[in-house]
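Structure file target_35.pdb; described as PDB, C-alpha atoms.
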```
MODEL        1
ATOM      1  CA  MET A   1      38.246   5.060 -35.104
ATOM      2  CA  ILE A   2      40.701   3.106 -33.006
ATOM      3  CA  ALA A   3      41.845  -0.040 -34.715
ATOM      4  CA  ALA A   4      41.241  -3.401 -33.050
ATOM      5  CA  LEU A   5      41.682  -7.072 -33.861
ATOM      6  CA  VAL A   6      38.315  -8.742 -33.582
ATOM      7  CA  ALA A   7      37.417 -12.391 -34.037
ATOM      8  CA  PRO A   8      33.902 -12.991 -35.437
ATOM      9  CA  MET A   9      31.214 -13.668 -32.821
ATOM     10  CA  SER A  10      29.588 -17.078 -33.067
ATOM     11  CA  GLY A  11      26.829 -18.283 -30.709
ATOM     12  CA  ALA A  12      27.956 -18.156 -27.089
ATOM     13  CA  CYS A  13      31.650 -18.103 -27.944
ATOM     14  CA  ALA A  14      33.662 -15.164 -26.685
ATOM     15  CA  SER A  15      35.149 -12.663 -29.173
ATOM     16  CA  GLU A  16      38.512 -11.073 -28.409
ATOM     17  CA  ILE A  17      38.903  -7.303 -28.727
ATOM     18  CA  ALA A  18      42.505  -6.115 -28.465
ATOM     19  CA  VAL A  19      42.593  -2.934 -26.401
ATOM     20  CA  SER A  20      45.684  -1.456 -24.786
ATOM     21  CA  GLU A  21      45.818   0.225 -21.399
ATOM     22  CA  ALA A  22      46.305   3.572 -23.119
ATOM     23  CA  GLN A  23      43.194   3.011 -25.206
ATOM     24  CA  ILE A  24      41.217   2.074 -22.068
ATOM     25  CA  ASP A  25      42.236   5.375 -20.492
ATOM     26  CA  ARG A  26      41.503   7.350 -23.648
ATOM     27  CA  LEU A  27      38.071   5.748 -24.109
ATOM     28  CA  GLU A  28      37.290   6.250 -20.389
ATOM     29  CA  ILE A  29      36.386   2.583 -19.987
ATOM     30  CA  ARG A  30      35.689   1.857 -16.321
ATOM     31  CA  LEU A  31      35.899  -1.652 -14.875
ATOM     32  CA  GLU A  32      34.018  -3.326 -12.058
ATOM     33  CA  GLU A  33      34.624  -6.668 -10.392
ATOM     34  CA  VAL A  34      32.179  -9.564 -10.804
ATOM     35  CA  ARG A  35      30.806 -10.715  -7.447
ATOM     36  CA  PRO A  36      28.901 -13.807  -6.334
ATOM     37  CA  ALA A  37      25.221 -12.919  -6.180
ATOM     38  CA  THR A  38      23.640 -13.020  -2.738
ATOM     39  CA  GLU A  39      20.311 -11.814  -4.109
ATOM     40  CA  GLU A  40      18.689 -12.321  -7.481
ATOM     41  CA  ALA A  41      16.913  -9.372  -9.096
ATOM     42  CA  ILE A  42      13.544 -10.541 -10.407
ATOM     43  CA  ALA A  43      11.669  -7.448 -11.537
ATOM     44  CA  LEU A  44      11.836  -3.660 -11.779
ATOM     45  CA  LEU A  45       8.419  -2.007 -11.417
ATOM     46  CA  PRO A  46       6.840   1.424 -10.962
ATOM     47  CA  GLY A  47       4.784   1.627  -7.788
ATOM     48  CA  THR A  48       2.722   3.897  -5.567
ATOM     49  CA  ILE A  49       3.055   4.375  -1.817
ATOM     50  CA  ILE A  50      -0.259   3.681  -0.037
ATOM     51  CA  PRO A  51      -1.388   3.488   3.611
ATOM     52  CA  PRO A  52      -1.787  -0.008   5.072
ATOM     53  CA  MET A  53      -5.213  -1.555   4.790
ATOM     54  CA  ASN A  54      -7.542  -0.455   7.636
ATOM     55  CA  SER A  55      -5.001   2.050   8.989
ATOM     56  CA  ARG A  56      -6.738   4.890   7.131
ATOM     57  CA  ILE A  57     -10.175   5.372   8.629
ATOM     58  CA  ALA A  58     -13.098   7.607   7.684
ATOM     59  CA  VAL A  59     -15.109   9.413  10.361
ATOM     60  CA  PRO A  60     -18.734   9.539   9.108
ATOM     61  CA  ALA A  61     -21.430  12.068   9.986
ATOM     62  CA  PRO A  62     -24.321   9.920  11.331
ATOM     63  CA  PHE A  63     -26.937  12.688  10.762
ATOM     64  CA  ALA A  64     -27.405  14.989   7.790
ATOM     65  CA  GLY A  65     -26.942  18.680   8.451
ATOM     66  CA  THR A  66     -24.844  21.777   7.900
ATOM     67  CA  VAL A  67     -21.181  21.993   8.905
ATOM     68  CA  VAL A  68     -20.787  24.659  11.572
ATOM     69  CA  SER A  69     -17.022  24.366  12.083
ATOM     70  CA  VAL A  70     -14.063  22.194  11.156
ATOM     71  CA  ASP A  71     -11.714  21.943  14.113
ATOM     72  CA  VAL A  72      -8.724  20.149  12.587
ATOM     73  CA  LEU A  73      -6.411  20.704   9.621
ATOM     74  CA  PRO A  74      -4.798  18.177   7.221
ATOM     75  CA  GLY A  75      -1.539  16.957   8.677
ATOM     76  CA  GLN A  76      -2.578  17.720  12.256
ATOM     77  CA  THR A  77      -2.124  14.995  14.879
ATOM     78  CA  VAL A  78      -5.212  14.213  16.956
ATOM     79  CA  ALA A  79      -5.698  12.252  20.174
ATOM     80  CA  PRO A  80      -8.669  10.025  21.017
ATOM     81  CA  GLY A  81     -11.611  12.185  22.095
ATOM     82  CA  ALA A  82     -10.547  15.261  20.126
ATOM     83  CA  VAL A  83     -13.367  17.251  18.476
ATOM     84  CA  LEU A  84     -13.011  17.065  14.688
ATOM     85  CA  MET A  85     -16.080  18.844  13.336
ATOM     86  CA  THR A  86     -19.362  20.365  14.549
ATOM     87  CA  ILE A  87     -22.563  19.849  12.547
ATOM     88  CA  ALA A  88     -26.014  21.380  13.070
ATOM     89  CA  SER A  89     -28.645  18.750  12.312
ATOM     90  CA  ARG A  90     -32.420  18.798  12.251
ATOM     91  CA  GLU A  91     -32.346  15.005  11.953
ATOM     92  CA  LEU A  92     -30.552  14.786  15.283
ATOM     93  CA  VAL A  93     -33.121  17.053  16.993
ATOM     94  CA  GLU A  94     -35.975  14.910  15.635
ATOM     95  CA  THR A  95     -34.255  11.679  16.689
ATOM     96  CA  LEU A  96     -33.658  13.003  20.226
ATOM     97  CA  SER A  97     -37.339  14.011  20.437
ATOM     98  CA  GLN A  98     -38.398  10.558  19.265
ATOM     99  CA  LEU A  99     -36.087   8.998  21.837
ATOM    100  CA  ARG A 100     -37.615  11.016  24.696
ATOM    101  CA  GLN A 101     -41.157  10.106  23.530
ATOM    102  CA  ALA A 102     -40.207   6.423  23.247
ATOM    103  CA  GLU A 103     -38.681   6.472  26.747
ATOM    104  CA  ALA A 104     -41.908   8.001  28.144
ATOM    105  CA  ASN A 105     -44.013   5.364  26.397
ATOM    106  CA  LEU A 106     -41.710   2.633  27.701
ATOM    107  CA  SER A 107     -42.021   3.907  31.282
ATOM    108  CA  ALA A 108     -45.838   3.810  31.057
ATOM    109  CA  ALA A 109     -45.854   0.369  29.423
ATOM    110  CA  GLN A 110     -43.479  -0.985  32.046
ATOM    111  CA  ALA A 111     -45.781   0.192  34.862
ATOM    112  CA  VAL A 112     -48.797  -1.433  33.158
ATOM    113  CA  ALA A 113     -46.902  -4.681  32.566
ATOM    114  CA  GLU A 114     -45.776  -4.872  36.205
ATOM    115  CA  ARG A 115     -49.347  -4.173  37.410
ATOM    116  CA  TYR A 116     -50.911  -6.908  35.290
ATOM    117  CA  LYS A 117     -48.145  -9.355  36.218
ATOM    118  CA  GLY A 118     -48.913  -8.766  39.891
ATOM    119  CA  LEU A 119     -52.645  -9.227  39.311
ATOM    120  CA  ALA A 120     -52.041 -12.375  37.320
ATOM    121  CA  ASP A 121     -49.875 -13.770  40.118
ATOM    122  CA  LYS A 122     -52.838 -13.257  42.473
ATOM    123  CA  ASN A 123     -55.258 -14.850  39.966
ATOM    124  CA  ILE A 124     -57.124 -11.545  39.658
ATOM    125  CA  ALA A 125     -56.241 -10.775  36.037
ATOM    126  CA  SER A 126     -55.834 -13.083  33.098
ATOM    127  CA  PRO A 127     -52.287 -14.402  32.467
ATOM    128  CA  THR A 128     -52.923 -13.740  28.764
ATOM    129  CA  ARG A 129     -53.497 -10.072  29.459
ATOM    130  CA  ALA A 130     -50.301  -9.943  31.514
ATOM    131  CA  ALA A 131     -48.384 -11.535  28.617
ATOM    132  CA  GLU A 132     -49.813  -8.948  26.167
ATOM    133  CA  THR A 133     -48.704  -6.006  28.311
ATOM    134  CA  GLU A 134     -45.236  -7.550  28.677
ATOM    135  CA  ALA A 135     -45.009  -7.925  24.882
ATOM    136  CA  GLN A 136     -45.962  -4.256  24.454
ATOM    137  CA  ARG A 137     -43.275  -3.284  26.954
ATOM    138  CA  ALA A 138     -40.668  -5.381  25.091
ATOM    139  CA  GLY A 139     -41.609  -3.746  21.772
ATOM    140  CA  LEU A 140     -41.232  -0.243  23.202
ATOM    141  CA  GLN A 141     -37.912  -1.293  24.783
ATOM    142  CA  ALA A 142     -36.651  -2.241  21.296
ATOM    143  CA  VAL A 143     -37.722   1.168  19.919
ATOM    144  CA  VAL A 144     -35.883   2.995  22.716
ATOM    145  CA  GLU A 145     -32.707   0.949  22.151
ATOM    146  CA  GLU A 146     -32.831   1.703  18.418
ATOM    147  CA  HIS A 147     -33.045   5.455  19.026
ATOM    148  CA  ARG A 148     -30.282   5.291  21.624
ATOM    149  CA  ARG A 149     -27.999   3.520  19.158
ATOM    150  CA  LEU A 150     -28.732   6.201  16.566
ATOM    151  CA  VAL A 151     -27.837   9.112  18.842
ATOM    152  CA  THR A 152     -24.628   7.390  20.002
ATOM    153  CA  LEU A 153     -23.533   6.226  16.532
ATOM    154  CA  GLY A 154     -19.896   7.126  16.024
ATOM    155  CA  ASN A 155     -19.652   8.168  19.675
ATOM    156  CA  ILE A 156     -20.780  11.676  18.731
ATOM    157  CA  LYS A 157     -21.120  14.406  21.329
ATOM    158  CA  THR A 158     -24.538  16.106  21.286
ATOM    159  CA  ASN A 159     -24.819  19.798  22.125
ATOM    160  CA  PRO A 160     -27.796  21.623  23.739
ATOM    161  CA  ASP A 161     -28.336  23.761  20.598
ATOM    162  CA  GLY A 162     -29.142  20.720  18.442
ATOM    163  CA  SER A 163     -25.695  20.372  16.893
ATOM    164  CA  TYR A 164     -23.297  17.492  17.414
ATOM    165  CA  ALA A 165     -19.525  17.046  17.339
ATOM    166  CA  LEU A 166     -17.602  14.314  15.555
ATOM    167  CA  ILE A 167     -15.037  12.797  17.909
ATOM    168  CA  ALA A 168     -11.722  11.077  17.058
ATOM    169  CA  GLN A 169     -11.966   7.448  18.121
ATOM    170  CA  ARG A 170      -8.253   6.694  17.654
ATOM    171  CA  ALA A 171      -5.035   8.683  17.665
ATOM    172  CA  GLY A 172      -3.688   9.567  14.250
ATOM    173  CA  ARG A 173      -2.925  12.211  11.647
ATOM    174  CA  VAL A 174      -5.658  13.999   9.712
ATOM    175  CA  VAL A 175      -5.405  13.256   5.981
ATOM    176  CA  GLU A 176      -8.209  15.448   4.704
ATOM    177  CA  SER A 177     -11.480  17.141   5.558
ATOM    178  CA  ASN A 178     -14.113  16.372   2.960
ATOM    179  CA  VAL A 179     -16.401  19.331   3.753
ATOM    180  CA  ALA A 180     -15.928  22.979   4.696
ATOM    181  CA  PRO A 181     -17.884  25.192   7.117
ATOM    182  CA  GLY A 182     -21.250  26.122   5.631
ATOM    183  CA  ALA A 183     -21.459  23.029   3.432
ATOM    184  CA  SER A 184     -24.251  20.489   3.657
ATOM    185  CA  ILE A 185     -23.444  16.896   4.483
ATOM    186  CA  VAL A 186     -25.638  13.839   4.008
ATOM    187  CA  ALA A 187     -26.136  11.153   6.631
ATOM    188  CA  MET A 188     -23.247   8.678   6.952
ATOM    189  CA  ALA A 189     -21.038  10.604   4.489
ATOM    190  CA  PRO A 190     -17.295  10.497   5.371
ATOM    191  CA  ALA A 191     -16.432  13.862   6.913
ATOM    192  CA  ILE A 192     -12.827  13.430   8.072
ATOM    193  CA  THR A 193     -10.133  10.938   7.011
ATOM    194  CA  ILE A 194      -7.437   9.951   9.517
ATOM    195  CA  ASP A 195      -4.269   7.838   9.222
ATOM    196  CA  THR A 196      -3.876   5.849  12.429
ATOM    197  CA  SER A 197      -0.491   4.295  11.599
ATOM    198  CA  ASN A 198       2.861   5.523  10.300
ATOM    199  CA  ASP A 199       3.489   2.244   8.489
ATOM    200  CA  LEU A 200       3.530   2.273   4.697
ATOM    201  CA  TRP A 201       2.662  -0.111   1.903
ATOM    202  CA  VAL A 202       3.614  -0.016  -1.753
ATOM    203  CA  GLU A 203       1.384  -1.132  -4.607
ATOM    204  CA  ALA A 204       2.568  -2.063  -8.110
ATOM    205  CA  GLN A 205       1.237  -3.616 -11.297
ATOM    206  CA  LEU A 206       2.975  -6.929 -11.999
ATOM    207  CA  PRO A 207       3.162  -8.047 -15.658
ATOM    208  CA  ALA A 208       1.482 -11.343 -16.427
ATOM    209  CA  SER A 209       4.849 -12.845 -17.417
ATOM    210  CA  LEU A 210       6.089 -12.443 -13.827
ATOM    211  CA  ILE A 211       3.104 -14.046 -12.094
ATOM    212  CA  GLY A 212       4.471 -17.118 -10.351
ATOM    213  CA  ARG A 213       8.020 -15.769 -10.290
ATOM    214  CA  VAL A 214       7.290 -13.118  -7.655
ATOM    215  CA  ARG A 215       5.852 -14.374  -4.390
ATOM    216  CA  ALA A 216       5.112 -13.243  -0.843
ATOM    217  CA  GLY A 217       8.268 -12.813   1.233
ATOM    218  CA  ASP A 218      10.483 -11.581  -1.618
ATOM    219  CA  THR A 219      12.583  -8.512  -0.820
ATOM    220  CA  ILE A 220      11.602  -5.061  -2.094
ATOM    221  CA  ARG A 221      14.229  -2.369  -2.680
ATOM    222  CA  LEU A 222      13.221   1.234  -3.352
ATOM    223  CA  ASP A 223      14.930   4.176  -5.053
ATOM    224  CA  ASN A 224      16.524   5.511  -1.860
ATOM    225  CA  GLY A 225      17.802   2.127  -0.649
ATOM    226  CA  ALA A 226      14.900   1.403   1.716
ATOM    227  CA  THR A 227      13.950  -2.268   1.866
ATOM    228  CA  GLY A 228      10.675  -4.050   2.521
ATOM    229  CA  LYS A 229       8.974  -7.283   1.591
ATOM    230  CA  VAL A 230       6.219  -8.509  -0.702
ATOM    231  CA  LEU A 231       2.991  -9.151   1.227
ATOM    232  CA  SER A 232       0.806 -10.543  -1.551
ATOM    233  CA  VAL A 233       0.564 -11.048  -5.304
ATOM    234  CA  SER A 234      -2.796 -11.560  -6.962
ATOM    235  CA  HIS A 235      -3.038 -14.452  -9.416
ATOM    236  CA  SER A 236      -5.612 -12.882 -11.707
ATOM    237  CA  ILE A 237      -5.183 -10.308 -14.457
ATOM    238  CA  ASP A 238      -7.001  -6.980 -14.226
ATOM    239  CA  ALA A 239      -8.950  -6.439 -17.455
ATOM    240  CA  ARG A 240      -7.970  -2.754 -17.610
ATOM    241  CA  THR A 241      -4.261  -2.892 -16.760
ATOM    242  CA  ARG A 242      -3.559  -6.437 -18.049
ATOM    243  CA  SER A 243      -1.452  -7.021 -14.972
ATOM    244  CA  ALA A 244      -1.663  -8.457 -11.457
ATOM    245  CA  LEU A 245      -1.618  -6.452  -8.242
ATOM    246  CA  LEU A 246       1.457  -6.644  -6.008
ATOM    247  CA  THR A 247       1.320  -5.290  -2.453
ATOM    248  CA  GLY A 248       4.322  -4.900  -0.188
ATOM    249  CA  SER A 249       5.272  -3.300   3.121
ATOM    250  CA  ILE A 250       8.082  -0.814   3.705
ATOM    251  CA  PRO A 251       9.411   0.830   6.893
ATOM    252  CA  ALA A 252       7.600   3.865   8.283
ATOM    253  CA  ASN A 253      10.901   5.794   8.338
ATOM    254  CA  SER A 254      11.692   5.129   4.670
ATOM    255  CA  GLY A 255      11.166   8.779   3.745
ATOM    256  CA  PHE A 256       8.099   8.285   1.517
ATOM    257  CA  VAL A 257       4.524   9.500   1.877
ATOM    258  CA  PRO A 258       1.220   8.004   0.646
ATOM    259  CA  GLY A 259       0.519   8.841  -2.984
ATOM    260  CA  GLN A 260       4.194   9.148  -3.934
ATOM    261  CA  MET A 261       5.381   7.370  -7.101
ATOM    262  CA  VAL A 262       8.455   5.148  -6.706
ATOM    263  CA  THR A 263      10.490   2.579  -8.585
ATOM    264  CA  LEU A 264      10.866  -0.732  -6.794
ATOM    265  CA  SER A 265      12.927  -3.806  -7.533
ATOM    266  CA  ILE A 266      12.042  -7.315  -6.371
ATOM    267  CA  HIS A 267      14.812  -9.614  -5.097
ATOM    268  CA  ARG A 268      15.178 -13.019  -3.538
ATOM    269  CA  GLU A 269      18.062 -15.243  -2.448
ATOM    270  CA  ALA A 270      20.172 -16.078  -5.480
ATOM    271  CA  ALA A 271      21.099 -19.484  -6.798
ATOM    272  CA  GLN A 272      24.709 -20.575  -6.204
ATOM    273  CA  SER A 273      25.618 -19.979  -9.851
ATOM    274  CA  GLY A 274      24.369 -16.375  -9.874
ATOM    275  CA  LEU A 275      26.739 -13.433 -10.303
ATOM    276  CA  ASP A 276      26.268  -9.726  -9.589
ATOM    277  CA  VAL A 277      27.445  -7.019 -11.996
ATOM    278  CA  PRO A 278      26.461  -3.344 -12.334
ATOM    279  CA  ALA A 279      23.404  -2.883 -14.540
ATOM    280  CA  SER A 280      25.435  -0.785 -16.989
ATOM    281  CA  ALA A 281      27.747  -3.753 -17.669
ATOM    282  CA  VAL A 282      25.050  -5.673 -19.595
ATOM    283  CA  VAL A 283      24.581  -4.837 -23.286
ATOM    284  CA  TRP A 284      22.434  -6.475 -25.954
ATOM    285  CA  LEU A 285      24.369  -7.829 -28.942
ATOM    286  CA  ARG A 286      22.518  -9.747 -31.656
ATOM    287  CA  GLY A 287      19.468  -9.711 -29.425
ATOM    288  CA  LYS A 288      21.240 -11.428 -26.520
ATOM    289  CA  PRO A 289      22.602 -10.036 -23.228
ATOM    290  CA  SER A 290      26.387  -9.848 -23.141
ATOM    291  CA  VAL A 291      29.242  -8.417 -21.095
ATOM    292  CA  PHE A 292      32.767  -7.239 -21.960
ATOM    293  CA  VAL A 293      35.175  -9.267 -19.787
ATOM    294  CA  ARG A 294      38.672  -7.837 -19.239
ATOM    295  CA  THR A 295      41.551  -9.998 -20.474
ATOM    296  CA  GLN A 296      45.340  -9.482 -20.593
ATOM    297  CA  THR A 297      45.163  -8.037 -24.089
ATOM    298  CA  GLY A 298      41.721  -6.423 -24.138
ATOM    299  CA  PHE A 299      38.175  -7.703 -23.731
ATOM    300  CA  ASN A 300      36.193 -10.841 -24.420
ATOM    301  CA  VAL A 301      32.596 -10.388 -25.574
ATOM    302  CA  LEU A 302      30.684 -12.978 -23.558
ATOM    303  CA  GLU A 303      27.028 -13.893 -23.897
ATOM    304  CA  VAL A 304      25.332 -14.395 -20.528
ATOM    305  CA  THR A 305      21.961 -15.359 -19.120
ATOM    306  CA  LEU A 306      20.247 -12.320 -17.624
ATOM    307  CA  LYS A 307      18.254 -13.510 -14.609
ATOM    308  CA  GLY A 308      17.161 -10.082 -13.407
ATOM    309  CA  LYS A 309      18.032  -6.420 -13.653
ATOM    310  CA  THR A 310      17.358  -3.272 -11.648
ATOM    311  CA  LEU A 311      18.411   0.342 -12.137
ATOM    312  CA  HIS A 312      21.726  -0.325 -10.405
ATOM    313  CA  GLY A 313      22.552  -4.017 -10.673
ATOM    314  CA  ALA A 314      22.024  -7.162 -12.713
ATOM    315  CA  THR A 315      22.092 -10.855 -11.842
ATOM    316  CA  ILE A 316      23.654 -13.016 -14.558
ATOM    317  CA  GLU A 317      24.947 -16.511 -15.247
ATOM    318  CA  GLY A 318      27.698 -17.343 -17.709
ATOM    319  CA  ALA A 319      31.253 -18.552 -18.298
ATOM    320  CA  LEU A 320      32.940 -16.079 -15.971
ATOM    321  CA  ASN A 321      34.082 -16.220 -12.380
ATOM    322  CA  PRO A 322      33.863 -13.992  -9.328
ATOM    323  CA  GLY A 323      36.810 -11.584  -9.275
ATOM    324  CA  GLU A 324      36.966 -11.094 -13.048
ATOM    325  CA  LYS A 325      36.369  -7.563 -14.238
ATOM    326  CA  VAL A 326      33.797  -6.292 -16.729
ATOM    327  CA  ALA A 327      33.450  -2.945 -18.482
ATOM    328  CA  VAL A 328      30.717  -0.679 -17.086
ATOM    329  CA  SER A 329      31.404   2.434 -19.188
ATOM    330  CA  GLY A 330      32.709   3.061 -22.691
ATOM    331  CA  LEU A 331      30.595   0.136 -23.948
ATOM    332  CA  ALA A 332      29.471   2.009 -27.063
ATOM    333  CA  GLN A 333      33.103   2.383 -28.172
ATOM    334  CA  LEU A 334      33.736  -1.314 -27.531
ATOM    335  CA  GLU A 335      30.658  -2.209 -29.588
ATOM    336  CA  ASN A 336      31.980  -0.091 -32.456
ATOM    337  CA  MET A 337      35.204  -2.042 -32.363
ATOM    338  CA  ILE A 338      33.280  -5.238 -33.024
ATOM    339  CA  GLY A 339      32.519  -3.871 -36.457
ATOM    340  CA  GLY A 340      28.892  -2.845 -36.422
ATOM    341  CA  GLU A 341      27.640  -5.101 -33.585
TER     342      GLU A 341
ENDMDL
END
```
Show how you would write the structure in this file as structure tokens.
Amino acid sequence: MIAALVAPMSGACASEIAVSEAQIDRLEIRLEEVRPATEEAIALLPGTIIPPMNSRIAVPAPFAGTVVSVDVLPGQTVAPGAVLMTIASRELVETLSQLRQAEANLSAAQAVAERYKGLADKNIASPTRAAETEAQRAGLQAVVEEHRRLVTLGNIKTNPDGSYALIAQRAGRVVESNVAPGASIVAMAPAITIDTSNDLWVEAQLPASLIGRVRAGDTIRLDNGATGKVLSVSHSIDARTRSALLTGSIPANSGFVPGQMVTLSIHREAAQSGLDVPASAVVWLRGKPSVFVRTQTGFNVLEVTLKGKTLHGATIEGALNPGEKVAVSGLAQLENMIGGE
């Protein structure tokens, strides 16, 4: 072991470790300069990329039936009006038949109502009778409108053979098809899922200790350097995860896809006293964060306040100044020199 002169550590006082330039080279100790912090790292969290709320839509099948064909594939881009799936449905045939019967009944009731209204105007028929026929007409009109809404639900396209086609209402990219040709599908079940936006969100579980420290508008940094912002932080703890839900937005061109796991760090504008150092510069000695500050004869062991840390950087406060240098490698050897610290 390389000999060193070490003063005992006491509280926040710095301890001097005598290390020559030759020893620094031999121990492969690398130095980095302390910089004023422009941003303060608050939290480092695992997260999941998700589509923005309401940008992922489900296309339901309004009538139960059997899937005849699926006309799109996952990942395929579709335009409004594109046929997504064709379904043969007995329910649709019955509803169309009921609609035609209701329209015929309405036509007859309308003729009767107009006749009695004309007679009532001439004081030939009772006004009460005219009102009754008008009420019957109005009731049949409501039945017809109900059936028309059913057969146009989802803007489906009906075919002469009793099948119907699901139509894309908005442009987007197909995420998945929930049924295959030959499968049965129940009424109003989601048949096709489409992403209508390229924007992305990220979702993470925020520990209870950080609720109140992280807030909407804070900066999000991801593994590949992409940046976003916090959209919302819930202020209640989930009983299963014992954490709060954080939701943020990231750029569409960030290189991630929905469902991907990421590591995100939360930042905000730093206080004037904050300093930035590489994350590897901070070590824990006697249960407290510390850094090795370069001096003329070696290193001072300096306790600091760790305000936040990410995979790459740390925000600290302590008795050091911007421009001073701290060790970012070879820290294990420096710890050994302290004599068991």
List the spatial neighbours of Asn178 (chain A) as a PDB file with C-alpha atoms, in the coordinates of the input - criterion: any atom at most 8 Å away, all atoms listed in the file, same-chain residues fewer than 5 positions off excluded.
```pdb
ATOM      1  CA  PRO A 190     -17.295  10.497   5.371  1.00  0.00           C
ATOM      2  CA  ALA A 191     -16.432  13.862   6.913  1.00  0.00           C
ATOM      3  CA  ILE A 192     -12.827  13.430   8.072  1.00  0.00           C
ATOM      4  CA  THR A 193     -10.133  10.938   7.011  1.00  0.00           C
TER       5      THR A 193
END
```
Considering only C-alpha atoms, give me a table of residues in region 131-245 of chain A that are at most 7 Å from region 41-47 of chain A, with the closest atom pair and distance in Å for each, as JSON lines.
```
{"residue": "A:Val202", "atom": "CA", "partner": "A:Gly47", "partner_atom": "CA", "distance": 6.4}
{"residue": "A:Glu203", "atom": "CA", "partner": "A:Gly47", "partner_atom": "CA", "distance": 5.4}
{"residue": "A:Ala204", "atom": "CA", "partner": "A:Gly47", "partner_atom": "CA", "distance": 4.3}
```
Atoms to include: C-alpha atoms. Write the selected residues as a PDB file, in the coordinates of the input.
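And here's again37.pdb as it stands now:
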```pdb
ATOM      1  CA  VAL A 202       3.614  -0.016  -1.753  1.00  0.00           C
ATOM      2  CA  GLU A 203       1.384  -1.132  -4.607  1.00  0.00           C
ATOM      3  CA  ALA A 204       2.568  -2.063  -8.110  1.00  0.00           C
TER       4      ALA A 204
END
```
Assuming the chain letters and numbering stay as they are in my file, what does the PyMOL selection byres ((chain A and resi 328) around 7) actually select? List them as a PyMOL selection string.
chain A and resi 30-32+278+280-281+326-327+329+331
Taking all atoms listed in the file into account, name the residue in A:Gly212, A:Pro127, A:Gly172, A:Pro60 that is nearest to Leu153 (chain A).
A:Pro60
If I take CA of Thr295 (chain A) and CA of Val19 (chain A), how far is one from the other in Å, to one decimal?
9.3 Å
For Val174 (chain A), find every residue with an atom within 9 Å (counting all atoms listed in the file), except residues of its own chain fewer than 5 positions away, and show them as a PyMOL selection string.
chain A and resi 72-78+192-196
Output the residue selection produced by the PyMOL selection byres ((chain A and resi 83) around 7) on the file above, formatted as a list in words.
Asp71, Gly81, Ala82, Leu84, Met85, Ala165, Leu166, Ile167 and Ala168 of chain A
Contact residues around Ala332 (chain A) with all atoms listed in the file at 10 Å, ignoring same-chain residues under 2 positions, as number ranges by chain
A: 27, 29, 283, 329-330, 334-337, 341
Counting all atoms listed in the file, closest pick from A:Thr133, A:Ser265, A:Thr95, A:Ser55 relative to Gly308 (chain A) is A:Ser265
Which residue gives the smallest distance to Val70 (chain A) among A:Ser89, A:Thr128, A:Thr315, A:Ser177, with only C-alpha atoms counted?
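With only C-alpha atoms as the atom set, the closest residue is A:Ser177.
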Choose the residue, out of A:Ile211, A:Leu320, A:Ile124, A:Leu306, that has the smallest atom-to-atom separation from Arg242 (chain A); count all atoms listed in the file.
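Ranked by minimum distance to Arg242 (chain A), first place goes to A:Ile211.
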Can you work out which one of A:Ala79, A:Val293, A:Val59, A:Val186 has the shortest atom-to-atom distance to Arg170 (chain A), counting only C-alpha atoms?
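Nearest candidate to Arg170 (chain A) out of A:Ala79, A:Val293, A:Val59, A:Val186: A:Ala79.
For the atom pair formed by CA of Val179 (chain A) and CA of Met53 (chain A), the distance is 23.7 Å, given to one decimal.
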Any chance you could work out the axis-aligned box around region 234-243 of chain A, listed atoms only, 8 Å on each side, giving centre and edge lengths in Å to one decimal, as lines of an AutoDock Vina configuration file?
```
center_x = -5.2
center_y = -8.6
center_z = -12.5
size_x = 23.5
size_y = 27.7
size_z = 27.1
```
Generate N, CA and C atoms for region 242-250 of chain A and emit them as a PDB file, in the coordinates of the input.
```pdb
ATOM      1  N   ARG A 242      -4.195  -5.207 -17.546  1.00  0.00           N
ATOM      2  CA  ARG A 242      -3.559  -6.437 -18.049  1.00  0.00           C
ATOM      3  C   ARG A 242      -2.372  -6.837 -17.192  1.00  0.00           C
ATOM      4  N   SER A 243      -2.519  -6.668 -15.900  1.00  0.00           N
ATOM      5  CA  SER A 243      -1.452  -7.021 -14.972  1.00  0.00           C
ATOM      6  C   SER A 243      -2.069  -7.455 -13.653  1.00  0.00           C
ATOM      7  N   ALA A 244      -1.229  -8.030 -12.788  1.00  0.00           N
ATOM      8  CA  ALA A 244      -1.663  -8.457 -11.457  1.00  0.00           C
ATOM      9  C   ALA A 244      -1.244  -7.411 -10.431  1.00  0.00           C
ATOM     10  N   LEU A 245      -1.894  -7.440  -9.291  1.00  0.00           N
ATOM     11  CA  LEU A 245      -1.618  -6.452  -8.242  1.00  0.00           C
ATOM     12  C   LEU A 245      -0.630  -7.018  -7.232  1.00  0.00           C
ATOM     13  N   LEU A 246       0.451  -6.285  -7.019  1.00  0.00           N
ATOM     14  CA  LEU A 246       1.457  -6.644  -6.008  1.00  0.00           C
ATOM     15  C   LEU A 246       1.368  -5.639  -4.868  1.00  0.00           C
ATOM     16  N   THR A 247       1.358  -6.142  -3.639  1.00  0.00           N
ATOM     17  CA  THR A 247       1.320  -5.290  -2.453  1.00  0.00           C
ATOM     18  C   THR A 247       2.481  -5.662  -1.545  1.00  0.00           C
ATOM     19  N   GLY A 248       3.197  -4.656  -1.083  1.00  0.00           N
ATOM     20  CA  GLY A 248       4.322  -4.900  -0.188  1.00  0.00           C
ATOM     21  C   GLY A 248       4.345  -3.901   0.951  1.00  0.00           C
ATOM     22  N   SER A 249       5.122  -4.194   1.978  1.00  0.00           N
ATOM     23  CA  SER A 249       5.272  -3.300   3.121  1.00  0.00           C
ATOM     24  C   SER A 249       6.676  -2.722   3.131  1.00  0.00           C
ATOM     25  N   ILE A 250       6.784  -1.466   3.570  1.00  0.00           N
ATOM     26  CA  ILE A 250       8.082  -0.814   3.705  1.00  0.00           C
ATOM     27  C   ILE A 250       8.128  -0.111   5.054  1.00  0.00           C
TER      28      ILE A 250
END
```
